[in-house]
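Undergrad: Provided below: entry07.cif, containing mmCIF, C-alpha atoms and all ligand atoms.
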data_target
loop_
_atom_site.label_atom_id
_atom_site.label_comp_id
_atom_site.auth_asym_id
_atom_site.auth_seq_id
_atom_site.Cartn_x
_atom_site.Cartn_y
_atom_site.Cartn_z
CA MET A 218 -144.55 -142.57 -23.17
CA LEU A 219 -147.75 -142.80 -25.22
CA SER A 220 -147.49 -142.79 -29.01
CA ARG A 221 -149.57 -140.15 -30.81
CA ARG A 222 -151.86 -142.89 -32.07
CA ALA A 223 -152.38 -144.34 -28.57
CA PHE A 224 -152.91 -140.84 -27.16
CA MET A 225 -155.59 -140.03 -29.76
CA LYS A 226 -157.25 -143.40 -29.10
CA MET A 227 -157.37 -142.61 -25.40
CA CYS A 228 -158.88 -139.17 -26.11
CA ALA A 229 -161.51 -140.74 -28.39
CA GLY A 230 -162.40 -143.13 -25.55
CA ILE A 231 -162.74 -140.29 -23.06
CA SER A 232 -164.77 -138.28 -25.53
CA ALA A 233 -167.13 -141.23 -26.17
CA THR A 234 -167.69 -142.01 -22.50
CA ALA A 235 -167.84 -138.48 -21.12
CA PHE A 236 -169.59 -136.70 -23.98
CA GLY A 237 -171.43 -139.54 -25.73
CA SER A 238 -169.55 -139.25 -29.03
CA THR A 239 -166.01 -139.51 -30.40
CA LEU A 240 -166.52 -136.25 -32.29
CA LEU A 241 -164.94 -134.23 -29.49
CA ALA A 242 -161.73 -136.31 -29.43
CA PRO A 243 -159.58 -133.57 -31.07
CA GLU A 244 -160.87 -131.00 -28.58
CA VAL A 245 -160.21 -133.39 -25.69
CA ALA A 246 -156.68 -134.02 -27.00
CA GLU A 247 -155.97 -130.33 -27.37
CA GLY A 248 -157.39 -129.71 -23.91
CA PHE A 249 -155.23 -132.35 -22.26
CA MET A 250 -152.11 -130.96 -23.93
CA LYS A 251 -153.08 -127.53 -22.66
CA LEU A 252 -153.78 -128.91 -19.18
CA ALA A 253 -150.37 -130.60 -19.09
CA ASP A 254 -148.51 -127.32 -19.31
CA SER A 255 -150.92 -124.84 -17.82
CA GLU A 256 -152.77 -124.35 -14.59
CA LYS A 257 -155.87 -126.39 -13.96
CA PRO A 258 -159.00 -124.26 -13.55
CA SER A 259 -159.91 -123.30 -9.99
CA VAL A 260 -163.32 -124.48 -8.84
CA ALA A 261 -165.22 -123.37 -5.73
CA PHE A 262 -168.47 -124.88 -4.45
CA VAL A 263 -171.14 -123.00 -2.50
CA GLN A 264 -174.19 -124.74 -1.03
CA GLY A 265 -177.58 -123.16 -0.44
CA GLN A 266 -180.75 -124.99 0.59
CA CYS A 267 -180.06 -128.58 -0.41
CA CYS A 268 -179.43 -132.03 1.02
CA ALA A 269 -175.79 -132.19 -0.21
CA GLY A 270 -176.86 -135.26 -2.20
CA CYS A 271 -175.36 -133.75 -5.35
CA SER A 272 -171.92 -133.68 -3.73
CA VAL A 273 -172.33 -137.23 -2.45
CA SER A 274 -173.37 -138.29 -5.95
CA LEU A 275 -170.21 -136.71 -7.34
CA THR A 276 -168.08 -139.23 -5.44
CA TYR A 277 -169.79 -142.11 -7.29
CA GLY A 278 -168.41 -141.32 -10.75
CA ASN A 279 -169.28 -143.75 -13.53
CA GLU A 280 -166.63 -142.96 -16.08
CA ALA A 281 -164.51 -140.51 -14.16
CA ASP A 282 -163.23 -141.28 -10.71
CA PHE A 283 -163.80 -138.27 -8.44
CA LEU A 284 -160.40 -138.42 -6.77
CA ASP A 285 -158.67 -138.74 -10.12
CA PHE A 286 -160.78 -135.87 -11.39
CA ILE A 287 -159.82 -133.44 -8.61
CA LEU A 288 -156.16 -134.47 -8.84
CA ARG A 289 -155.77 -134.26 -12.61
CA VAL A 290 -158.49 -132.17 -14.22
CA ILE A 291 -159.59 -129.35 -11.92
CA ASN A 292 -158.16 -127.54 -8.96
CA LEU A 293 -160.87 -127.97 -6.32
CA GLN A 294 -160.12 -125.03 -4.09
CA VAL A 295 -162.96 -125.03 -1.64
CA HIS A 296 -166.01 -127.18 -0.94
CA PRO A 297 -168.39 -126.90 2.05
CA THR A 298 -168.71 -130.69 2.42
CA PHE A 299 -165.34 -132.02 1.25
CA SER A 300 -162.88 -129.35 2.43
CA PHE A 301 -160.93 -130.11 5.60
CA ASP A 302 -161.28 -126.42 6.38
CA GLN A 303 -164.68 -125.61 7.76
CA GLY A 304 -166.32 -122.51 9.25
CA ARG A 305 -164.11 -119.39 9.15
CA SER A 306 -161.40 -121.22 7.19
CA TYR A 307 -163.88 -122.20 4.47
CA LEU A 308 -164.95 -118.55 4.16
CA ASP A 309 -161.33 -117.36 4.04
CA ASP A 310 -160.53 -119.92 1.32
CA LEU A 311 -163.60 -118.88 -0.63
CA GLU A 312 -162.56 -115.21 -0.44
CA ARG A 313 -159.04 -116.07 -1.58
CA VAL A 314 -160.14 -118.08 -4.59
CA LEU A 315 -162.75 -115.48 -5.60
CA ASP A 316 -160.06 -112.79 -5.42
CA SER A 317 -158.25 -114.53 -8.29
CA GLY A 318 -161.17 -113.56 -10.56
CA LYS A 319 -160.72 -116.83 -12.47
CA CYS A 320 -162.74 -119.23 -10.40
CA ILE A 321 -165.54 -121.42 -11.73
CA LEU A 322 -168.35 -121.27 -9.19
CA VAL A 323 -170.51 -124.38 -8.70
CA VAL A 324 -173.70 -123.67 -6.76
CA GLU A 325 -175.77 -126.44 -5.19
CA GLY A 326 -179.22 -125.72 -3.77
CA THR A 327 -181.50 -122.70 -3.72
CA ILE A 328 -181.21 -119.25 -2.17
CA PRO A 329 -184.06 -118.20 0.18
CA LYS A 330 -185.40 -114.77 -0.71
CA ILE A 331 -188.31 -114.38 1.74
CA ALA A 332 -187.07 -116.11 4.91
CA LYS A 333 -183.44 -115.17 4.29
CA GLU A 334 -182.44 -116.60 7.65
CA ALA A 335 -183.31 -120.09 6.34
CA CYS A 336 -179.78 -120.32 4.93
CA TRP A 337 -176.68 -118.63 6.31
CA LEU A 338 -173.16 -118.44 5.01
CA GLY A 339 -170.93 -117.39 7.89
CA ASP A 340 -172.47 -114.45 9.71
CA LYS A 341 -174.80 -113.36 6.90
CA PRO A 342 -177.78 -114.84 5.09
CA LEU A 343 -176.65 -116.52 1.86
CA TYR A 344 -178.96 -114.17 -0.06
CA ASP A 345 -176.94 -111.14 1.12
CA ARG A 346 -173.62 -112.71 0.09
CA MET A 347 -174.54 -114.26 -3.22
CA GLN A 348 -174.30 -111.17 -5.45
CA ASP A 349 -170.70 -110.53 -4.43
CA ILE A 350 -169.78 -114.21 -4.81
CA ILE A 351 -171.29 -114.59 -8.29
CA GLU A 352 -169.89 -111.31 -9.55
CA ARG A 353 -166.34 -112.34 -8.61
CA ALA A 354 -166.55 -115.75 -10.34
CA SER A 355 -165.63 -116.20 -14.00
CA MET A 356 -168.59 -118.46 -14.73
CA VAL A 357 -171.34 -120.21 -12.80
CA ILE A 358 -172.63 -123.78 -12.88
CA SER A 359 -175.96 -124.64 -11.29
CA SER A 360 -175.46 -128.21 -10.10
CA GLY A 361 -178.61 -130.19 -9.32
CA THR A 362 -182.28 -129.47 -9.87
CA CYS A 363 -182.60 -127.16 -6.83
CA SER A 364 -179.93 -124.78 -8.03
CA THR A 365 -181.20 -125.01 -11.62
CA TYR A 366 -185.00 -124.81 -11.29
CA GLY A 367 -185.83 -124.62 -7.57
CA GLY A 368 -186.46 -128.35 -6.99
CA ILE A 369 -187.49 -129.60 -3.55
CA PRO A 370 -186.77 -126.40 -1.50
CA ALA A 371 -188.98 -124.34 -3.84
CA SER A 372 -191.79 -126.90 -4.00
CA GLY A 373 -195.22 -126.69 -2.39
CA GLU A 374 -195.95 -123.37 -0.71
CA ASN A 375 -192.27 -122.45 -0.75
CA LEU A 376 -192.47 -120.57 2.53
CA THR A 377 -188.80 -119.58 2.50
CA GLY A 378 -189.06 -118.10 -1.01
CA ALA A 379 -186.37 -120.48 -2.30
CA ILE A 380 -185.14 -119.37 -5.72
CA PRO A 381 -182.71 -120.95 -8.18
CA VAL A 382 -179.47 -119.23 -9.20
CA LYS A 383 -180.78 -117.92 -12.52
CA GLN A 384 -183.65 -116.11 -10.82
CA PHE A 385 -181.29 -114.67 -8.23
CA MET A 386 -179.08 -113.33 -11.04
CA THR A 387 -182.05 -111.87 -12.93
CA ASP A 388 -183.50 -110.26 -9.79
CA ASN A 389 -180.15 -108.65 -8.99
CA GLY A 390 -179.17 -107.68 -12.54
CA ILE A 391 -176.12 -109.97 -12.66
CA ILE A 392 -174.85 -110.98 -16.08
CA LYS A 393 -172.47 -113.93 -16.02
CA PRO A 394 -172.05 -117.13 -18.11
CA LEU A 395 -174.40 -119.68 -16.50
CA LEU A 396 -174.82 -123.37 -17.23
CA PHE A 397 -177.32 -125.91 -15.83
CA VAL A 398 -176.61 -129.49 -14.82
CA PRO A 399 -179.94 -130.57 -13.27
CA GLY A 400 -180.81 -133.88 -11.61
CA CYS A 401 -181.78 -134.71 -8.03
CA PRO A 402 -179.06 -135.59 -7.46
CA VAL A 403 -176.86 -134.51 -10.35
CA ASN A 404 -175.35 -137.43 -12.28
CA PRO A 405 -171.60 -137.36 -11.46
CA ASP A 406 -170.56 -137.84 -15.09
CA ARG A 407 -172.59 -134.86 -16.22
CA LEU A 408 -170.98 -132.47 -13.75
CA MET A 409 -167.46 -133.87 -14.07
CA GLY A 410 -167.82 -134.14 -17.86
CA THR A 411 -168.97 -130.52 -18.08
CA LEU A 412 -166.11 -129.29 -15.89
CA ALA A 413 -163.65 -131.45 -17.88
CA TYR A 414 -164.89 -129.91 -21.11
CA ILE A 415 -164.44 -126.41 -19.67
CA ALA A 416 -160.98 -127.36 -18.35
CA ALA A 417 -159.97 -128.70 -21.75
CA THR A 418 -161.37 -125.96 -23.95
CA GLY A 419 -161.90 -122.90 -21.75
CA ASN A 420 -165.47 -122.74 -23.05
CA PHE A 421 -168.89 -124.11 -22.22
CA PRO A 422 -169.98 -127.13 -24.26
CA ALA A 423 -172.83 -126.63 -26.76
CA LEU A 424 -175.93 -125.61 -24.83
CA MET A 425 -179.69 -125.66 -25.37
CA ASP A 426 -181.68 -123.64 -22.80
CA SER A 427 -178.44 -123.49 -20.77
CA LEU A 428 -178.23 -127.33 -20.65
CA PRO A 429 -175.27 -129.22 -22.18
CA VAL A 430 -176.71 -130.80 -25.35
CA MET A 431 -174.38 -133.79 -24.94
CA TYR A 432 -176.33 -134.93 -21.84
CA TYR A 433 -179.83 -133.51 -22.18
CA LYS A 434 -180.89 -133.61 -25.81
CA ASP A 435 -183.08 -136.75 -25.89
CA LEU A 436 -186.14 -137.93 -24.01
CA ILE A 437 -185.39 -140.69 -21.50
CA HIS A 438 -188.37 -142.50 -23.04
CA ASN A 439 -186.69 -142.70 -26.48
CA HIS A 440 -183.76 -144.81 -25.24
CA CYS A 441 -185.54 -146.68 -22.45
CA SER A 442 -184.95 -150.45 -22.31
CA ARG A 443 -188.73 -150.86 -21.85
CA HIS A 444 -189.64 -148.87 -24.94
CA GLN A 445 -190.62 -151.97 -26.92
CA PHE A 446 -193.38 -152.66 -24.36
CA PHE A 447 -194.63 -149.10 -24.71
CA THR A 448 -194.94 -149.57 -28.48
CA GLN A 449 -196.86 -152.81 -27.87
CA ASP A 450 -199.19 -151.21 -25.29
CA ILE A 451 -197.98 -153.57 -22.55
CA TYR A 452 -198.20 -151.59 -19.32
CA LEU A 453 -197.26 -152.54 -15.78
CA LYS A 454 -200.34 -152.56 -13.59
CA SER A 455 -198.86 -153.71 -10.34
CA PHE A 456 -195.28 -153.52 -9.10
CA ASP A 457 -195.10 -157.22 -8.28
CA MET A 458 -195.58 -158.11 -11.93
CA ASP A 459 -192.55 -159.04 -13.98
CA LYS A 460 -190.37 -156.44 -15.63
CA ASP A 461 -191.57 -156.99 -19.17
CA SER A 462 -193.84 -153.99 -19.33
CA CYS A 463 -193.79 -150.20 -19.62
CA LEU A 464 -194.16 -148.08 -16.48
CA LEU A 465 -196.20 -145.33 -18.12
CA LYS A 466 -199.37 -146.17 -16.20
CA LYS A 467 -197.47 -145.83 -12.94
CA GLY A 468 -196.69 -142.21 -13.72
CA CYS A 469 -193.40 -142.64 -15.58
CA ARG A 470 -192.11 -139.17 -16.51
CA GLY A 471 -189.47 -140.55 -18.89
CA THR A 472 -191.92 -139.43 -21.55
CA ILE A 473 -191.45 -135.73 -20.73
CA THR A 474 -187.93 -135.66 -19.24
CA TYR A 475 -184.85 -134.98 -21.35
CA ALA A 476 -181.64 -136.73 -20.22
CA ASP A 477 -179.31 -139.60 -21.18
CA CYS A 478 -180.06 -141.69 -18.03
CA PRO A 479 -180.83 -144.95 -19.93
CA THR A 480 -177.38 -145.02 -21.55
CA ARG A 481 -175.30 -143.16 -18.95
CA ARG A 482 -176.83 -145.01 -15.98
CA TRP A 483 -175.91 -144.59 -12.29
CA ASN A 484 -173.70 -145.98 -9.51
CA HIS A 485 -170.82 -147.17 -11.65
CA LYS A 486 -173.31 -147.99 -14.43
CA THR A 487 -175.06 -150.56 -12.23
CA SER A 488 -178.60 -149.54 -13.12
CA VAL A 489 -181.06 -146.79 -13.84
CA CYS A 490 -184.48 -146.02 -12.28
CA VAL A 491 -186.73 -147.78 -14.82
CA GLU A 492 -184.52 -150.90 -14.75
CA SER A 493 -184.98 -151.02 -10.98
CA ASN A 494 -188.74 -151.25 -11.55
CA THR A 495 -189.26 -147.61 -10.60
CA PRO A 496 -190.91 -145.14 -12.96
CA CYS A 497 -188.81 -142.14 -13.92
CA ILE A 498 -189.98 -139.46 -11.45
CA GLY A 499 -188.69 -136.66 -13.70
CA CYS A 500 -186.15 -135.31 -11.20
CA ILE A 501 -184.43 -133.45 -14.06
CA HIS A 502 -187.65 -131.80 -15.30
CA HIS A 503 -188.13 -128.06 -14.65
CA ASN A 504 -191.49 -128.70 -12.90
CA TRP A 505 -190.13 -131.34 -10.54
CA PRO A 506 -191.29 -132.18 -7.87
CA PHE A 507 -194.66 -132.32 -9.57
CA ARG A 508 -197.80 -131.30 -7.72
CA SER A 509 -199.41 -134.68 -8.41
CA ASP A 510 -198.25 -137.87 -6.69
CA ILE A 511 -194.88 -139.33 -7.61
CA TYR A 512 -196.36 -142.74 -8.42
CA LEU A 513 -199.57 -142.15 -10.33
CA ASP A 514 -202.06 -144.87 -10.96
CA VAL A 515 -203.46 -144.00 -14.33
CA GLU A 516 -205.50 -147.02 -15.32
CA ASP A 517 -207.17 -145.19 -18.17
CA VAL A 518 -203.95 -144.11 -19.84
CA VAL A 519 -204.51 -146.20 -22.95
CA ASP A 520 -207.71 -144.38 -23.79
CA ILE A 521 -206.51 -140.84 -23.16
CA PRO A 522 -204.95 -138.99 -26.09
CA TRP A 523 -201.24 -138.48 -25.49
CA SER A 524 -201.51 -134.68 -25.74
CA VAL A 525 -203.99 -134.60 -22.83
CA MET A 526 -202.01 -137.07 -20.75
CA LYS A 527 -198.79 -135.17 -21.28
CA GLU A 528 -200.39 -132.09 -19.72
CA ARG A 529 -201.47 -134.21 -16.78
CA TYR A 530 -197.96 -135.58 -16.28
CA GLU A 531 -196.32 -132.17 -16.44
CA ASN A 532 -198.04 -130.98 -13.25
FE1 LIG A 601 -181.11 -130.52 -4.58
FE2 LIG A 601 -178.38 -131.07 -4.48
FE3 LIG A 601 -181.54 -132.89 -4.82
FE4 LIG A 601 -180.03 -132.72 -2.84
O1 LIG A 601 -176.98 -130.13 -4.18
S1 LIG A 601 -180.91 -131.51 -6.50
S2 LIG A 601 -182.10 -131.76 -2.90
S3 LIG A 601 -180.01 -134.42 -4.29
O2 LIG A 601 -178.32 -132.05 -2.98
O3 LIG A 601 -179.53 -129.66 -4.44
FE1 LIG A 602 -191.13 -144.57 -21.57
FE2 LIG A 602 -191.19 -144.90 -18.91
FE3 LIG A 602 -192.26 -146.74 -20.50
FE4 LIG A 602 -189.59 -146.42 -20.39
S1 LIG A 602 -190.93 -147.14 -18.74
S2 LIG A 602 -190.84 -146.70 -22.25
S3 LIG A 602 -189.46 -144.19 -20.15
S4 LIG A 602 -192.97 -144.59 -20.27
#
Using structure tokens, write down the structure that the file contains.
Ligand code: FSX
Ligand code: SF4
TA:
Amino acid sequence: MLSRRAFMKMCAGISATAFGSTLLAPEVAEGFMKLADSEKPSVAFVQGQCCAGCSVSLTYGNEADFLDFILRVINLQVHPTFSFDQGRSYLDDLERVLDSGKCILVVEGTIPKIAKEACWLGDKPLYDRMQDIIERASMVISSGTCSTYGGIPASGENLTGAIPVKQFMTDNGIIKPLLFVPGCPVNPDRLMGTLAYIAATGNFPALMDSLPVMYYKDLIHNHCSRHQFFTQDIYLKSFDMDKDSCLLKKGCRGTITYADCPTRRWNHKTSVCVESNTPCIGCIHHNWPFRSDIYLDVEDVVDIPWSVMKERYEN
């Protein structure tokens, strides 16, 4: 059995890795004690227009192992990609868990409002089912950029009228606690960490514009490993050059995108976009995918005032 000291040390470790600070260690400890003798929160996933990449991403946890997570922290009741039960059985399971009135609903993807037939759930368009589903959940998490801001399905001419969850709720007068975990795909730690926080405390973590502050408070640019080259005006001009340069002139959106990617990293902390010689494409930004090209060639960046360039990068 763990001593109190060892237990608190473990909670501080979890707090530091999942939430970026040891400050939440007491809350984590209290939460785990609560979890030990109470029911784990029920979680149901629903997918709209998306590529299911967010769910695939979830299985590549950095700090938290997905299997461990669904065995110890939450009670994953139903998931359109992971559940053994598919089709009618998935719908029956979804109904059952929603009937409990205590389920946390995670939505991936958008909901088509114009061409409703672009996304079906069972024998009805998702749009016609969504009000009932959301109203029976205790809280809603928009997982991924599509579900949060519209993302790829709502880009361009948006012929299907793809809308994110928040707009669906506003259009249909639904009031329900709603939290955003954007990213295309979502970073597994951010979704599992958010759910773990809710499991431990029963509440949402601190939010700013519906985003957990612990993951989305700083610009990627501010913690980027290439930041020193930015301050020295050393910019990458061609991708076959060495790595000792800033990617700003190749359209890097780390300058306008708020997330902890440089420190949290991806794929078991292997790397992060800018360290793989790829500019940040801003997949977490509310305007993503931007109307302009993903990889911009902006040779004149140095001479353009930052305020003007920022506007250019945000579109
Ligand atoms: Fe969107 Fe997610 Fe991108 Fe895909 O669920 S955020 S297209 S990685 O799968 O919704
Ligand atoms: Fe900022 Fe991108 Fe340059 Fe990194 S590579 S310092 S995020 S502009």
Undergrad: Which is closer to A:Asn532 than all the others in A:Thr487, A:Asn292, A:Ser372, A:Thr276, using all atoms listed in the file?
TA: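 Of A:Thr487, A:Asn292, A:Ser372, A:Thr276, the one nearest A:Asn532 is A:Ser372, counting all atoms listed in the file.
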Undergrad: Need the shell around A:His438: protein/DNA/RNA residues with any atom at most 8 Å away, counting all atoms listed in the file. Skip same-chain ones fewer than 5 positions apart. Format as a ChimeraX atom specification?
TA: /A:444,471-474
Undergrad: Enumerate as a list in words the residues within 7 Å of ligand LIG 602 (chain A), counting all atoms listed in the file.
TA: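 Counting all atoms listed in the file, the residues within 7 Å of ligand LIG 602 (chain A) come out as Ile437, His438, Asn439, Cys441, Ser442, Arg443, His444, Phe446, Phe447, Cys463, Leu464, Leu465, Cys469, Arg470, Gly471, Thr472, Val491, Pro496 and Cys497 of chain A.
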Undergrad: Got a sec: who's within 8 Å of A:Ser355, counting only C-alpha atoms, leaving out chain neighbours fewer than 2 positions off, as a list in words?
TA: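 The residues that qualify are Gly318, Lys319, Cys320, Ile321, Leu322, Glu352, Arg353, Val357, Lys393 and Pro394 of chain A.
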Undergrad: Please, which residues have at least one atom within 7 Å of an atom of ligand LIG 601 (chain A), using all atoms listed in the file, listed as a list in words?
TA: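 The residues within 7 Å of ligand LIG 601 (chain A), counting all atoms listed in the file, are Gln264, Gln266, Cys267, Cys268, Ala269, Gly270, Cys271, Ser272, Glu325, Gly326, Ser360, Gly361, Thr362, Cys363, Ser364, Gly368, Ile369, Pro399, Gly400, Cys401, Pro402 and Val403 of chain A.
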Undergrad: Keeping only C-alpha atoms, write those residues as a PDB file, keeping the file's coordinate frame.
TA:
ATOM      1  CA  GLN A 264    -174.190-124.740  -1.030  1.00  0.00           C
ATOM      2  CA  GLN A 266    -180.750-124.990   0.590  1.00  0.00           C
ATOM      3  CA  CYS A 267    -180.060-128.580  -0.410  1.00  0.00           C
ATOM      4  CA  CYS A 268    -179.430-132.030   1.020  1.00  0.00           C
ATOM      5  CA  ALA A 269    -175.790-132.190  -0.210  1.00  0.00           C
ATOM      6  CA  GLY A 270    -176.860-135.260  -2.200  1.00  0.00           C
ATOM      7  CA  CYS A 271    -175.360-133.750  -5.350  1.00  0.00           C
ATOM      8  CA  SER A 272    -171.920-133.680  -3.730  1.00  0.00           C
ATOM      9  CA  GLU A 325    -175.770-126.440  -5.190  1.00  0.00           C
ATOM     10  CA  GLY A 326    -179.220-125.720  -3.770  1.00  0.00           C
ATOM     11  CA  SER A 360    -175.460-128.210 -10.100  1.00  0.00           C
ATOM     12  CA  GLY A 361    -178.610-130.190  -9.320  1.00  0.00           C
ATOM     13  CA  THR A 362    -182.280-129.470  -9.870  1.00  0.00           C
ATOM     14  CA  CYS A 363    -182.600-127.160  -6.830  1.00  0.00           C
ATOM     15  CA  SER A 364    -179.930-124.780  -8.030  1.00  0.00           C
ATOM     16  CA  GLY A 368    -186.460-128.350  -6.990  1.00  0.00           C
ATOM     17  CA  ILE A 369    -187.490-129.600  -3.550  1.00  0.00           C
ATOM     18  CA  PRO A 399    -179.940-130.570 -13.270  1.00  0.00           C
ATOM     19  CA  GLY A 400    -180.810-133.880 -11.610  1.00  0.00           C
ATOM     20  CA  CYS A 401    -181.780-134.710  -8.030  1.00  0.00           C
ATOM     21  CA  PRO A 402    -179.060-135.590  -7.460  1.00  0.00           C
ATOM     22  CA  VAL A 403    -176.860-134.510 -10.350  1.00  0.00           C
TER      23      VAL A 403
END
Undergrad: May I ask which of the residues A:Asp477, A:Asp302, A:Asp340, A:Glu531 is the closest one to A:Ile498, counting only C-alpha atoms?
TA: A:Glu531
Undergrad: Pick out the closest residue to A:Lys467 from this set: A:Val430, A:Leu308, A:Ile511, A:Cys500. Count all atoms listed in the file.
TA: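 Using all atoms listed in the file, A:Lys467 sits closest to A:Ile511.
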Undergrad: Take every atom of stretch 465-478 of chain A listed in the file, pad by 4 Å on each side, and give me the axis-aligned box centre and edge lengths in Å, one decimal, as AutoDock Vina command-line options.
TA:
--center_x -189.3 --center_y -140.6 --center_z -17.2 --size_x 28.1 --size_y 19.2 --size_z 16.6
Undergrad: Please return as a list in words every residue within 12 Å of (-173.7, -114.5, 3.9), taking into account only C-alpha atoms and the file's own coordinates.
TA: Val263, Gln264, Gly265, Arg305, Leu308, Leu311, Glu312, Ile328, Pro329, Lys333, Glu334, Ala335, Cys336, Trp337, Leu338, Gly339, Asp340, Lys341, Pro342, Leu343, Tyr344, Asp345, Arg346, Met347, Gln348, Asp349 and Ile350 of chain A
Undergrad: Which is closer to A:Ile291 than all the others in A:Tyr414, A:Tyr530, A:Tyr512, A:Trp483, using all atoms listed in the file?
TA: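 That would be A:Tyr414, the residue with the smallest distance to A:Ile291.
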Undergrad: Please measure the separation of atom CA of A:Gly278 and atom CA of A:Asn484, giving the value in Å to one decimal.
TA: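 Value for the atom CA of A:Gly278-atom CA of A:Asn484 distance: 7.2 Å.
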Undergrad: Grab the atom CA of A:Ser488 to atom CA of A:Tyr277 distance for me, in Å with one decimal place.
TA: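 One can read the atom CA of A:Ser488 to atom CA of A:Tyr277 distance as 12.9 Å.
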Undergrad: Which residues are near A:Val314? Cut-off 9 Å, all atoms listed in the file, ignore same chain within fewer than 6 positions. Put them as a short mmCIF file (atom, residue, chain, number, x, y, z; two decimals) with C-alpha atoms, in the coordinates of the input.
TA:
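Listing of selection09.cif after writing:
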data_model
loop_
_atom_site.label_atom_id
_atom_site.label_comp_id
_atom_site.auth_asym_id
_atom_site.auth_seq_id
_atom_site.Cartn_x
_atom_site.Cartn_y
_atom_site.Cartn_z
CA SER A 259 -159.91 -123.30 -9.99
CA VAL A 260 -163.32 -124.48 -8.84
CA ALA A 261 -165.22 -123.37 -5.73
CA GLN A 294 -160.12 -125.03 -4.09
CA VAL A 295 -162.96 -125.03 -1.64
CA CYS A 320 -162.74 -119.23 -10.40
CA ALA A 354 -166.55 -115.75 -10.34
#
Undergrad: So how far away is atom CA of A:Lys257 from atom CA of A:Tyr366, in Å?
TA: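 So the answer is 29.3 Å.
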